[in-house]
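Novice: Next comes model_6.cif, mmCIF, C-alpha atoms:
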```
data_work
loop_
_atom_site.group_PDB
_atom_site.id
_atom_site.type_symbol
_atom_site.label_atom_id
_atom_site.label_comp_id
_atom_site.auth_asym_id
_atom_site.auth_seq_id
_atom_site.Cartn_x
_atom_site.Cartn_y
_atom_site.Cartn_z
ATOM 1 C CA MET A 264 -94.494 -26.532 30.948
ATOM 2 C CA SER A 265 -93.973 -29.500 28.610
ATOM 3 C CA ARG A 266 -92.814 -32.868 29.837
ATOM 4 C CA VAL A 267 -90.102 -34.917 28.126
ATOM 5 C CA SER A 268 -91.403 -38.277 27.013
ATOM 6 C CA PRO A 269 -89.502 -41.458 27.883
ATOM 7 C CA GLU A 270 -88.931 -42.040 24.162
ATOM 8 C CA SER A 271 -87.218 -38.689 23.649
ATOM 9 C CA SER A 272 -85.016 -39.111 26.723
ATOM 10 C CA ALA A 273 -83.681 -42.332 25.215
ATOM 11 C CA LEU A 274 -82.393 -40.530 22.136
ATOM 12 C CA GLU A 275 -78.634 -40.515 21.749
ATOM 13 C CA GLN A 276 -76.507 -37.447 21.213
ATOM 14 C CA PRO A 277 -75.672 -37.035 17.478
ATOM 15 C CA GLY A 278 -72.263 -38.493 16.626
ATOM 16 C CA ARG A 279 -72.107 -40.513 19.805
ATOM 17 C CA ASN A 280 -71.062 -44.116 19.348
ATOM 18 C CA LEU A 281 -69.990 -47.181 21.273
ATOM 19 C CA GLY A 282 -66.571 -47.457 19.663
ATOM 20 C CA LEU A 283 -65.634 -50.923 18.497
ATOM 21 C CA LEU A 284 -68.994 -52.307 19.598
ATOM 22 C CA ASP A 285 -70.679 -49.894 17.219
ATOM 23 C CA VAL A 286 -68.521 -51.201 14.369
ATOM 24 C CA PHE A 287 -69.852 -54.721 14.808
ATOM 25 C CA HIS A 288 -73.405 -53.398 15.145
ATOM 26 C CA ARG A 289 -72.889 -52.229 11.565
ATOM 27 C CA ARG A 290 -71.489 -55.493 10.262
ATOM 28 C CA TYR A 291 -73.119 -55.087 6.863
ATOM 29 C CA LEU A 292 -71.368 -51.757 6.237
ATOM 30 C CA LEU A 293 -68.113 -53.279 7.465
ATOM 31 C CA SER A 294 -68.504 -56.188 5.048
ATOM 32 C CA LEU A 295 -69.134 -53.755 2.174
ATOM 33 C CA ILE A 296 -65.918 -51.872 2.910
ATOM 34 C CA VAL A 297 -63.899 -55.097 3.132
ATOM 35 C CA ARG A 298 -65.443 -56.496 -0.052
ATOM 36 C CA LYS A 299 -64.786 -53.270 -1.965
ATOM 37 C CA GLU A 300 -61.130 -53.086 -0.940
ATOM 38 C CA VAL A 301 -60.501 -56.753 -1.742
ATOM 39 C CA GLN A 302 -62.083 -56.352 -5.193
ATOM 40 C CA ILE A 303 -60.051 -53.206 -5.897
ATOM 41 C CA ARG A 304 -56.827 -55.098 -5.154
ATOM 42 C CA TYR A 305 -57.319 -57.404 -8.147
ATOM 43 C CA ARG A 306 -59.308 -55.118 -10.457
ATOM 44 C CA GLY A 307 -57.987 -55.242 -14.006
ATOM 45 C CA SER A 308 -55.811 -58.282 -13.235
ATOM 46 C CA VAL A 309 -55.916 -61.248 -15.605
ATOM 47 C CA LEU A 310 -55.067 -63.839 -12.938
ATOM 48 C CA GLY A 311 -57.003 -62.084 -10.168
ATOM 49 C CA TRP A 312 -57.056 -64.164 -6.971
ATOM 50 C CA MET A 313 -54.515 -66.558 -8.452
ATOM 51 C CA TRP A 314 -51.793 -64.017 -7.641
ATOM 52 C CA SER A 315 -52.493 -64.644 -3.947
ATOM 53 C CA TYR A 316 -51.400 -68.243 -4.474
ATOM 54 C CA VAL A 317 -48.593 -67.587 -6.955
ATOM 55 C CA LYS A 318 -46.697 -65.164 -4.688
ATOM 56 C CA PRO A 319 -46.236 -67.535 -1.719
ATOM 57 C CA LEU A 320 -45.287 -70.358 -4.093
ATOM 58 C CA VAL A 321 -42.610 -68.138 -5.635
ATOM 59 C CA GLN A 322 -41.503 -67.170 -2.119
ATOM 60 C CA PHE A 323 -41.168 -70.829 -1.210
ATOM 61 C CA ALA A 324 -39.014 -71.509 -4.306
ATOM 62 C CA VAL A 325 -36.798 -68.495 -3.625
ATOM 63 C CA PHE A 326 -36.335 -69.398 0.043
ATOM 64 C CA TYR A 327 -35.579 -73.001 -0.811
ATOM 65 C CA VAL A 328 -32.859 -72.093 -3.336
ATOM 66 C CA ALA A 329 -31.407 -68.803 -2.045
ATOM 67 C CA ILE A 330 -31.465 -69.361 1.705
ATOM 68 C CA GLY A 331 -31.880 -73.118 1.939
ATOM 69 C CA VAL A 332 -29.377 -74.233 -0.714
ATOM 70 C CA PHE A 333 -26.971 -71.324 -1.216
ATOM 71 C CA LEU A 334 -26.736 -70.347 2.479
ATOM 72 C CA GLY A 335 -26.958 -73.950 3.651
ATOM 73 C CA MET A 336 -29.949 -73.534 5.973
ATOM 74 C CA ASN A 337 -31.638 -76.671 4.586
ATOM 75 C CA SER A 338 -28.876 -78.757 6.145
ATOM 76 C CA ARG A 339 -29.023 -76.879 9.469
ATOM 77 C CA VAL A 340 -32.802 -76.686 9.955
ATOM 78 C CA ASP A 341 -35.106 -79.482 8.820
ATOM 79 C CA PHE A 342 -37.855 -78.273 6.461
ATOM 80 C CA PHE A 343 -36.373 -74.773 6.676
ATOM 81 C CA PRO A 344 -38.397 -73.258 3.772
ATOM 82 C CA ILE A 345 -41.630 -74.259 5.554
ATOM 83 C CA TYR A 346 -40.282 -72.869 8.843
ATOM 84 C CA LEU A 347 -39.421 -69.602 7.100
ATOM 85 C CA LEU A 348 -42.635 -69.324 5.080
ATOM 86 C CA ALA A 349 -44.769 -70.035 8.162
ATOM 87 C CA GLY A 350 -43.077 -67.248 10.112
ATOM 88 C CA ILE A 351 -43.287 -64.786 7.231
ATOM 89 C CA THR A 352 -47.016 -65.521 6.877
ATOM 90 C CA VAL A 353 -47.633 -64.327 10.442
ATOM 91 C CA VAL A 354 -45.449 -61.233 10.131
ATOM 92 C CA THR A 355 -46.903 -60.323 6.723
ATOM 93 C CA PHE A 356 -50.407 -60.447 8.193
ATOM 94 C CA PHE A 357 -49.342 -58.158 11.046
ATOM 95 C CA ASN A 358 -47.446 -55.723 8.822
ATOM 96 C CA GLU A 359 -50.258 -55.339 6.307
ATOM 97 C CA ALA A 360 -52.963 -54.922 8.952
ATOM 98 C CA PHE A 361 -50.896 -52.474 11.031
ATOM 99 C CA SER A 362 -49.645 -50.372 8.095
ATOM 100 C CA ASN A 363 -53.017 -50.129 6.367
ATOM 101 C CA GLY A 364 -54.780 -49.466 9.681
ATOM 102 C CA THR A 365 -52.450 -46.521 10.323
ATOM 103 C CA ARG A 366 -53.221 -45.027 6.887
ATOM 104 C CA SER A 367 -56.906 -45.941 6.840
ATOM 105 C CA LEU A 368 -58.297 -42.681 8.260
ATOM 106 C CA VAL A 369 -56.188 -40.459 6.017
ATOM 107 C CA ASP A 370 -56.996 -42.598 2.975
ATOM 108 C CA ASN A 371 -60.733 -42.289 3.718
ATOM 109 C CA ALA A 372 -60.667 -38.574 4.587
ATOM 110 C CA ALA A 373 -63.290 -37.660 1.975
ATOM 111 C CA LEU A 374 -65.764 -40.195 3.361
ATOM 112 C CA ILE A 375 -65.108 -39.221 6.981
ATOM 113 C CA LYS A 376 -65.792 -35.530 6.257
ATOM 114 C CA LYS A 377 -69.014 -36.201 4.364
ATOM 115 C CA ILE A 378 -70.990 -38.708 6.441
ATOM 116 C CA TYR A 379 -71.053 -40.037 9.968
ATOM 117 C CA LEU A 380 -70.081 -43.616 10.672
ATOM 118 C CA PRO A 381 -67.941 -45.196 13.404
ATOM 119 C CA ARG A 382 -64.405 -44.130 12.510
ATOM 120 C CA GLU A 383 -63.037 -47.283 14.128
ATOM 121 C CA MET A 384 -64.516 -49.125 11.175
ATOM 122 C CA PHE A 385 -61.559 -48.233 8.965
ATOM 123 C CA PRO A 386 -58.728 -49.738 11.093
ATOM 124 C CA VAL A 387 -60.917 -52.793 11.780
ATOM 125 C CA ALA A 388 -61.636 -53.161 8.057
ATOM 126 C CA SER A 389 -57.893 -52.912 7.346
ATOM 127 C CA MET A 390 -57.255 -55.842 9.685
ATOM 128 C CA LEU A 391 -60.014 -57.930 8.087
ATOM 129 C CA ILE A 392 -58.755 -57.127 4.581
ATOM 130 C CA ALA A 393 -55.255 -58.217 5.613
ATOM 131 C CA ALA A 394 -56.760 -61.426 7.040
ATOM 132 C CA VAL A 395 -58.552 -62.146 3.751
ATOM 133 C CA ASN A 396 -55.325 -61.518 1.826
ATOM 134 C CA THR A 397 -53.417 -63.829 4.191
ATOM 135 C CA ILE A 398 -55.773 -66.793 3.780
ATOM 136 C CA PRO A 399 -54.315 -67.890 0.395
ATOM 137 C CA GLN A 400 -50.802 -67.789 1.843
ATOM 138 C CA ILE A 401 -51.902 -69.929 4.790
ATOM 139 C CA ILE A 402 -53.480 -72.388 2.346
ATOM 140 C CA VAL A 403 -50.244 -72.577 0.334
ATOM 141 C CA VAL A 404 -48.175 -73.199 3.486
ATOM 142 C CA ILE A 405 -50.555 -75.952 4.601
ATOM 143 C CA VAL A 406 -50.615 -77.605 1.159
ATOM 144 C CA ILE A 407 -46.798 -77.646 1.033
ATOM 145 C CA ALA A 408 -46.685 -79.009 4.585
ATOM 146 C CA LEU A 409 -49.207 -81.712 3.638
ATOM 147 C CA PHE A 410 -46.886 -82.757 0.819
ATOM 148 C CA PHE A 411 -44.150 -83.337 3.431
ATOM 149 C CA GLY A 412 -46.479 -85.307 5.719
ATOM 150 C CA TRP A 413 -48.167 -82.662 7.884
ATOM 151 C CA VAL A 414 -50.583 -84.319 10.327
ATOM 152 C CA PRO A 415 -51.350 -81.853 13.150
ATOM 153 C CA SER A 416 -53.088 -82.560 16.426
ATOM 154 C CA LEU A 417 -56.088 -80.546 17.653
ATOM 155 C CA VAL A 418 -53.747 -78.685 20.016
ATOM 156 C CA GLN A 419 -51.525 -77.673 17.100
ATOM 157 C CA VAL A 420 -54.512 -76.494 15.057
ATOM 158 C CA GLY A 421 -55.581 -74.504 18.107
ATOM 159 C CA ALA A 422 -52.086 -72.985 18.273
ATOM 160 C CA ILE A 423 -52.454 -71.733 14.688
ATOM 161 C CA LEU A 424 -55.803 -70.106 15.495
ATOM 162 C CA LEU A 425 -54.423 -68.551 18.690
ATOM 163 C CA ALA A 426 -51.492 -67.087 16.742
ATOM 164 C CA LEU A 427 -53.871 -65.484 14.244
ATOM 165 C CA LEU A 428 -56.042 -64.162 17.097
ATOM 166 C CA ILE A 429 -53.048 -62.547 18.821
ATOM 167 C CA VAL A 430 -51.932 -60.854 15.605
ATOM 168 C CA SER A 431 -55.484 -59.694 14.789
ATOM 169 C CA VAL A 432 -55.989 -58.054 18.184
ATOM 170 C CA LEU A 433 -52.460 -56.604 18.255
ATOM 171 C CA ALA A 434 -52.665 -55.107 14.747
ATOM 172 C CA THR A 435 -56.135 -53.661 15.394
ATOM 173 C CA GLY A 436 -55.046 -52.018 18.653
ATOM 174 C CA LEU A 437 -51.915 -50.525 17.103
ATOM 175 C CA GLY A 438 -53.872 -49.517 13.991
ATOM 176 C CA LEU A 439 -56.358 -47.594 16.152
ATOM 177 C CA LEU A 440 -53.570 -45.946 18.150
ATOM 178 C CA PHE A 441 -51.281 -44.907 15.317
ATOM 179 C CA GLY A 442 -54.166 -44.286 12.905
ATOM 180 C CA ALA A 443 -55.612 -41.670 15.268
ATOM 181 C CA ILE A 444 -52.213 -40.040 15.852
ATOM 182 C CA ASN A 445 -51.451 -40.099 12.114
ATOM 183 C CA VAL A 446 -54.428 -37.844 11.381
ATOM 184 C CA THR A 447 -52.714 -34.946 13.178
ATOM 185 C CA PHE A 448 -49.060 -35.971 13.021
ATOM 186 C CA ARG A 449 -48.213 -37.640 9.714
ATOM 187 C CA ASP A 450 -44.809 -38.582 11.151
ATOM 188 C CA ALA A 451 -46.604 -41.522 12.772
ATOM 189 C CA GLN A 452 -46.772 -43.233 9.394
ATOM 190 C CA SER A 453 -42.993 -43.079 8.992
ATOM 191 C CA PHE A 454 -42.543 -44.415 12.526
ATOM 192 C CA VAL A 455 -44.834 -47.334 11.682
ATOM 193 C CA GLU A 456 -42.739 -48.121 8.610
ATOM 194 C CA ILE A 457 -39.716 -48.536 10.897
ATOM 195 C CA ILE A 458 -41.664 -50.865 13.220
ATOM 196 C CA VAL A 459 -42.847 -52.929 10.247
ATOM 197 C CA MET A 460 -39.298 -53.160 8.897
ATOM 198 C CA MET A 461 -38.029 -54.406 12.268
ATOM 199 C CA ALA A 462 -40.906 -56.845 12.883
ATOM 200 C CA VAL A 463 -39.470 -59.629 10.741
ATOM 201 C CA TRP A 464 -36.170 -59.482 12.660
ATOM 202 C CA ALA A 465 -37.674 -58.971 16.132
ATOM 203 C CA SER A 466 -39.274 -62.425 16.046
ATOM 204 C CA PRO A 467 -37.930 -65.890 15.080
ATOM 205 C CA VAL A 468 -38.696 -65.826 11.364
ATOM 206 C CA MET A 469 -35.319 -65.795 9.575
ATOM 207 C CA TYR A 470 -33.616 -67.603 12.440
ATOM 208 C CA GLN A 471 -34.425 -69.892 15.386
ATOM 209 C CA TRP A 472 -35.017 -68.572 18.884
ATOM 210 C CA GLU A 473 -32.080 -70.624 20.210
ATOM 211 C CA MET A 474 -29.710 -68.203 18.460
ATOM 212 C CA VAL A 475 -31.147 -65.340 20.519
ATOM 213 C CA ALA A 476 -31.081 -67.314 23.767
ATOM 214 C CA GLY A 477 -27.395 -68.105 23.264
ATOM 215 C CA ALA A 478 -26.388 -64.531 22.397
ATOM 216 C CA VAL A 479 -28.189 -62.288 24.911
ATOM 217 C CA PRO A 480 -28.547 -62.102 28.715
ATOM 218 C CA ASP A 481 -31.507 -63.884 30.323
ATOM 219 C CA TRP A 482 -33.394 -60.650 31.061
ATOM 220 C CA LEU A 483 -33.139 -59.586 27.423
ATOM 221 C CA PHE A 484 -34.367 -62.999 26.278
ATOM 222 C CA VAL A 485 -37.400 -62.513 28.534
ATOM 223 C CA LEU A 486 -38.083 -59.151 26.847
ATOM 224 C CA TYR A 487 -37.692 -60.882 23.486
ATOM 225 C CA ARG A 488 -40.397 -63.384 24.442
ATOM 226 C CA LEU A 489 -42.650 -60.574 25.731
ATOM 227 C CA ASN A 490 -42.862 -59.231 22.183
ATOM 228 C CA PRO A 491 -46.347 -60.542 21.199
ATOM 229 C CA LEU A 492 -45.111 -61.433 17.723
ATOM 230 C CA THR A 493 -42.521 -63.864 19.116
ATOM 231 C CA PRO A 494 -45.011 -66.331 20.682
ATOM 232 C CA ALA A 495 -47.406 -65.760 17.757
ATOM 233 C CA VAL A 496 -44.735 -66.841 15.258
ATOM 234 C CA GLU A 497 -43.709 -69.784 17.457
ATOM 235 C CA LEU A 498 -47.334 -70.886 17.830
ATOM 236 C CA PHE A 499 -47.592 -70.915 14.041
ATOM 237 C CA HIS A 500 -44.354 -72.901 13.846
ATOM 238 C CA TYR A 501 -45.761 -75.310 16.420
ATOM 239 C CA GLY A 502 -48.868 -75.808 14.289
ATOM 240 C CA ILE A 503 -47.214 -75.996 10.849
ATOM 241 C CA TRP A 504 -43.564 -76.991 11.304
ATOM 242 C CA PHE A 505 -43.568 -79.201 14.415
ATOM 243 C CA PRO A 506 -45.972 -81.860 13.006
ATOM 244 C CA LEU A 507 -43.337 -82.573 10.323
ATOM 245 C CA ASP A 508 -41.137 -83.886 13.174
ATOM 246 C CA PRO A 509 -37.991 -81.844 12.445
ATOM 247 C CA GLY A 510 -35.003 -83.276 14.288
ATOM 248 C CA ASP A 511 -33.870 -79.994 15.854
ATOM 249 C CA ALA A 512 -37.314 -78.736 16.857
ATOM 250 C CA GLN A 513 -37.566 -77.169 20.309
ATOM 251 C CA LEU A 514 -40.467 -75.275 21.802
ATOM 252 C CA LEU A 515 -39.859 -71.707 22.890
ATOM 253 C CA PRO A 516 -39.389 -71.882 26.688
ATOM 254 C CA ASP A 517 -42.694 -71.289 28.501
ATOM 255 C CA LEU A 518 -44.504 -70.894 25.184
ATOM 256 C CA ALA A 519 -47.957 -71.390 26.744
ATOM 257 C CA LEU A 520 -47.300 -68.752 29.410
ATOM 258 C CA PHE A 521 -45.907 -66.187 26.981
ATOM 259 C CA SER A 522 -48.753 -66.882 24.534
ATOM 260 C CA VAL A 523 -51.262 -65.947 27.233
ATOM 261 C CA ILE A 524 -49.190 -62.855 28.065
ATOM 262 C CA ALA A 525 -49.067 -61.949 24.365
ATOM 263 C CA LEU A 526 -52.858 -62.137 24.099
ATOM 264 C CA LEU A 527 -53.291 -60.064 27.273
ATOM 265 C CA LEU A 528 -50.780 -57.453 26.068
ATOM 266 C CA SER A 529 -52.574 -57.289 22.720
ATOM 267 C CA LEU A 530 -55.899 -56.744 24.506
ATOM 268 C CA VAL A 531 -54.336 -53.999 26.636
ATOM 269 C CA LEU A 532 -53.029 -52.306 23.478
ATOM 270 C CA LEU A 533 -56.502 -52.629 21.962
ATOM 271 C CA VAL A 534 -58.023 -50.828 24.966
ATOM 272 C CA ILE A 535 -55.311 -48.149 24.861
ATOM 273 C CA GLY A 536 -55.742 -47.722 21.115
ATOM 274 C CA GLN A 537 -59.499 -47.358 21.469
ATOM 275 C CA SER A 538 -59.090 -44.857 24.340
ATOM 276 C CA VAL A 539 -56.654 -42.648 22.399
ATOM 277 C CA PHE A 540 -58.814 -42.976 19.305
ATOM 278 C CA ARG A 541 -61.926 -41.771 21.155
ATOM 279 C CA ARG A 542 -59.986 -38.882 22.685
ATOM 280 C CA LEU A 543 -58.680 -37.627 19.317
ATOM 281 C CA GLU A 544 -61.758 -38.486 17.240
ATOM 282 C CA GLY A 545 -63.321 -35.040 17.646
ATOM 283 C CA ARG A 546 -60.510 -33.442 15.625
ATOM 284 C CA PHE A 547 -60.526 -35.890 12.731
ATOM 285 C CA ALA A 548 -62.745 -33.915 10.344
ATOM 286 C CA GLN A 549 -60.846 -30.702 11.110
ATOM 287 C CA ASP A 550 -57.332 -32.154 10.753
ATOM 288 C CA LEU A 551 -58.170 -34.176 7.673
#
```
Turn the structure described in the file into structure tokens.

Specialist:
Amino acid sequence: MSRVSPESSALEQPGRNLGLLDVFHRRYLLSLIVRKEVQIRYRGSVLGWMWSYVKPLVQFAVFYVAIGVFLGMNSRVDFFPIYLLAGITVVTFFNEAFSNGTRSLVDNAALIKKIYLPREMFPVASMLIAAVNTIPQIIVVIVIALFFGWVPSLVQVGAILLALLIVSVLATGLGLLFGAINVTFRDAQSFVEIIVMMAVWASPVMYQWEMVAGAVPDWLFVLYRLNPLTPAVELFHYGIWFPLDPGDAQLLPDLALFSVIALLLSLVLLVIGQSVFRRLEGRFAQDL
């Protein structure tokens, strides 16, 4: 009767992985996927990466004229185009990461059916690609703010980083959840499109939070602040818009508390997304 050696008993079952931890154990493969997708975005383009800077500059000009001048928001909200562009930067990052994360498994069906690799890599890569694409827009917002006298404190810089962290974790968790469901039920993609469409209005991007506080009951305003995107957008405003010393600037009530709650909720959604992902992963190759 043969004995099993310690080495053989340490072997892992084929296809078994550690989920998100396994993704970061394969950082080189993850970087290849991100690099490939970023290069594809600007392949055949004359201006290439310059488009990433041109688009937010055009956005700024449009906001300044259409909403700021024509609709009179420049006179109501100090530095309104910067306020608006800062909020849109956060929501754009979330929307791109969430939408692409939901489609990532279906879009990479051929690769998933041919070789084994941690499937979580695709939603994570989608978030990182969205982050790379958001960097030029953040740079443009900061450069414009610098022109108007932006001098942030360390706390305000930390608020910007915390906002980006909340959105990264939130988009990854939702990307894992809806990406896994989308493999079997393609209706999930349409549902995500509705969420993405509502995201810009469900947080203080086109308007100030005071308008919500004055129009809804207290309990509904609490629910509004429990939306992780709301404190994330306000943290970004605190880091970009507040240092300009706008006259009507007010912090979202209990911003620090709701920022912590937003991060915790995002982490909970990440755990839920990973759990559902692992449960449905066995059917991916079949359903794709």

Novice: Hey, can you check how far atom CA of A:Leu293 sits from atom CA of A:Phe385?

Specialist: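 A separation of 8.4 Å between them.
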
Novice: Which of these, A:Leu427, A:Ala443, A:Leu486, A:Ile524, has the shortest distance to A:Glu383 once you count only C-alpha atoms?

Specialist: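 Among A:Leu427, A:Ala443, A:Leu486, A:Ile524, it is A:Ala443 that comes nearest to A:Glu383.
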
Novice: Excluding A:Val395 and residues on its chain fewer than 2 positions from it, collect all residues at most 12 Å away from it, counting only C-alpha atoms, and give them as a ChimeraX atom specification.

Specialist: /A:294,297-298,300-302,304,312,315,356,359-360,388-393,397-402,427,431

Novice: Could you tell me how far atom CA of A:Val387 sits from atom CA of A:Val534, in Å to one decimal place?

Specialist: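 We find that atom CA of A:Val534 and atom CA of A:Val387 lie 13.6 Å from each other.
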
Novice: For the atom pair atom CA of A:Gly442 and atom CA of A:Lys318, what is the interatomic distance in Å to one decimal place?

Specialist: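 Distance between the two atoms: 28.3 Å.
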
Novice: Any chance you could work out the residue set of the PyMOL selection byres ((chain A and resi 337-348) around 8) here, as a PDB file with C-alpha atoms, in the frame of the given file?

Specialist:
```
ATOM      1  CA  PRO A 319     -46.236 -67.535  -1.719  1.00  0.00           C
ATOM      2  CA  GLN A 322     -41.503 -67.170  -2.119  1.00  0.00           C
ATOM      3  CA  PHE A 323     -41.168 -70.829  -1.210  1.00  0.00           C
ATOM      4  CA  PHE A 326     -36.335 -69.398   0.043  1.00  0.00           C
ATOM      5  CA  TYR A 327     -35.579 -73.001  -0.811  1.00  0.00           C
ATOM      6  CA  ILE A 330     -31.465 -69.361   1.705  1.00  0.00           C
ATOM      7  CA  GLY A 331     -31.880 -73.118   1.939  1.00  0.00           C
ATOM      8  CA  VAL A 332     -29.377 -74.233  -0.714  1.00  0.00           C
ATOM      9  CA  GLY A 335     -26.958 -73.950   3.651  1.00  0.00           C
ATOM     10  CA  MET A 336     -29.949 -73.534   5.973  1.00  0.00           C
ATOM     11  CA  ALA A 349     -44.769 -70.035   8.162  1.00  0.00           C
ATOM     12  CA  GLY A 350     -43.077 -67.248  10.112  1.00  0.00           C
ATOM     13  CA  ILE A 351     -43.287 -64.786   7.231  1.00  0.00           C
ATOM     14  CA  THR A 352     -47.016 -65.521   6.877  1.00  0.00           C
ATOM     15  CA  VAL A 404     -48.175 -73.199   3.486  1.00  0.00           C
ATOM     16  CA  ILE A 407     -46.798 -77.646   1.033  1.00  0.00           C
ATOM     17  CA  ALA A 408     -46.685 -79.009   4.585  1.00  0.00           C
ATOM     18  CA  VAL A 468     -38.696 -65.826  11.364  1.00  0.00           C
ATOM     19  CA  MET A 469     -35.319 -65.795   9.575  1.00  0.00           C
ATOM     20  CA  HIS A 500     -44.354 -72.901  13.846  1.00  0.00           C
ATOM     21  CA  ILE A 503     -47.214 -75.996  10.849  1.00  0.00           C
ATOM     22  CA  TRP A 504     -43.564 -76.991  11.304  1.00  0.00           C
ATOM     23  CA  LEU A 507     -43.337 -82.573  10.323  1.00  0.00           C
ATOM     24  CA  PRO A 509     -37.991 -81.844  12.445  1.00  0.00           C
ATOM     25  CA  GLY A 510     -35.003 -83.276  14.288  1.00  0.00           C
ATOM     26  CA  ASP A 511     -33.870 -79.994  15.854  1.00  0.00           C
TER      27      ASP A 511
END
```

Novice: Could you spell out the hits of the PyMOL selection byres ((chain A and resi 493-498) around 6) on the shown file, as a list in words?

Specialist: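 Applying the PyMOL selection byres ((chain A and resi 493-498) around 6) to the structure shown produces Gly350, Ala422, Ala426, Ser466, Arg488, Asn490, Pro491, Leu492, Phe499, His500, Tyr501 and Ser522 of chain A.
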
Novice: Give me, as a PyMOL selection string, all polymer residues having an atom no more than 9 Å from stretch 457-460 of chain A, counting only C-alpha atoms and skipping those fewer than 4 positions away in the same chain.

Specialist: chain A and resi 354+357-359+361-362+452-453+464

Novice: Of the residues A:Gln471, A:Arg366, A:Ile378, A:Ala465, which is the one nearest to A:Gln513, using only C-alpha atoms?

Specialist: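 Answer, going by the shortest atom-to-atom distance: A:Gln471.
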
Novice: Apply the PyMOL selection byres ((chain A and resi 441) around 9) to the displayed file and report the matching residues as number ranges by chain.

Specialist: A: 361, 364-366, 436-440, 442-446, 451-452, 455, 536, 540

Novice: Keeping only C-alpha atoms, write those residues as an mmCIF file, in the frame of the given file.

Specialist:
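Result file follows (part-v7.cif):
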```cif
data_model
loop_
_atom_site.group_PDB
_atom_site.id
_atom_site.type_symbol
_atom_site.label_atom_id
_atom_site.label_comp_id
_atom_site.auth_asym_id
_atom_site.auth_seq_id
_atom_site.Cartn_x
_atom_site.Cartn_y
_atom_site.Cartn_z
ATOM 1 C CA PHE A 361 -50.896 -52.474 11.031
ATOM 2 C CA GLY A 364 -54.780 -49.466 9.681
ATOM 3 C CA THR A 365 -52.450 -46.521 10.323
ATOM 4 C CA ARG A 366 -53.221 -45.027 6.887
ATOM 5 C CA GLY A 436 -55.046 -52.018 18.653
ATOM 6 C CA LEU A 437 -51.915 -50.525 17.103
ATOM 7 C CA GLY A 438 -53.872 -49.517 13.991
ATOM 8 C CA LEU A 439 -56.358 -47.594 16.152
ATOM 9 C CA LEU A 440 -53.570 -45.946 18.150
ATOM 10 C CA GLY A 442 -54.166 -44.286 12.905
ATOM 11 C CA ALA A 443 -55.612 -41.670 15.268
ATOM 12 C CA ILE A 444 -52.213 -40.040 15.852
ATOM 13 C CA ASN A 445 -51.451 -40.099 12.114
ATOM 14 C CA VAL A 446 -54.428 -37.844 11.381
ATOM 15 C CA ALA A 451 -46.604 -41.522 12.772
ATOM 16 C CA GLN A 452 -46.772 -43.233 9.394
ATOM 17 C CA VAL A 455 -44.834 -47.334 11.682
ATOM 18 C CA GLY A 536 -55.742 -47.722 21.115
ATOM 19 C CA PHE A 540 -58.814 -42.976 19.305
#
```
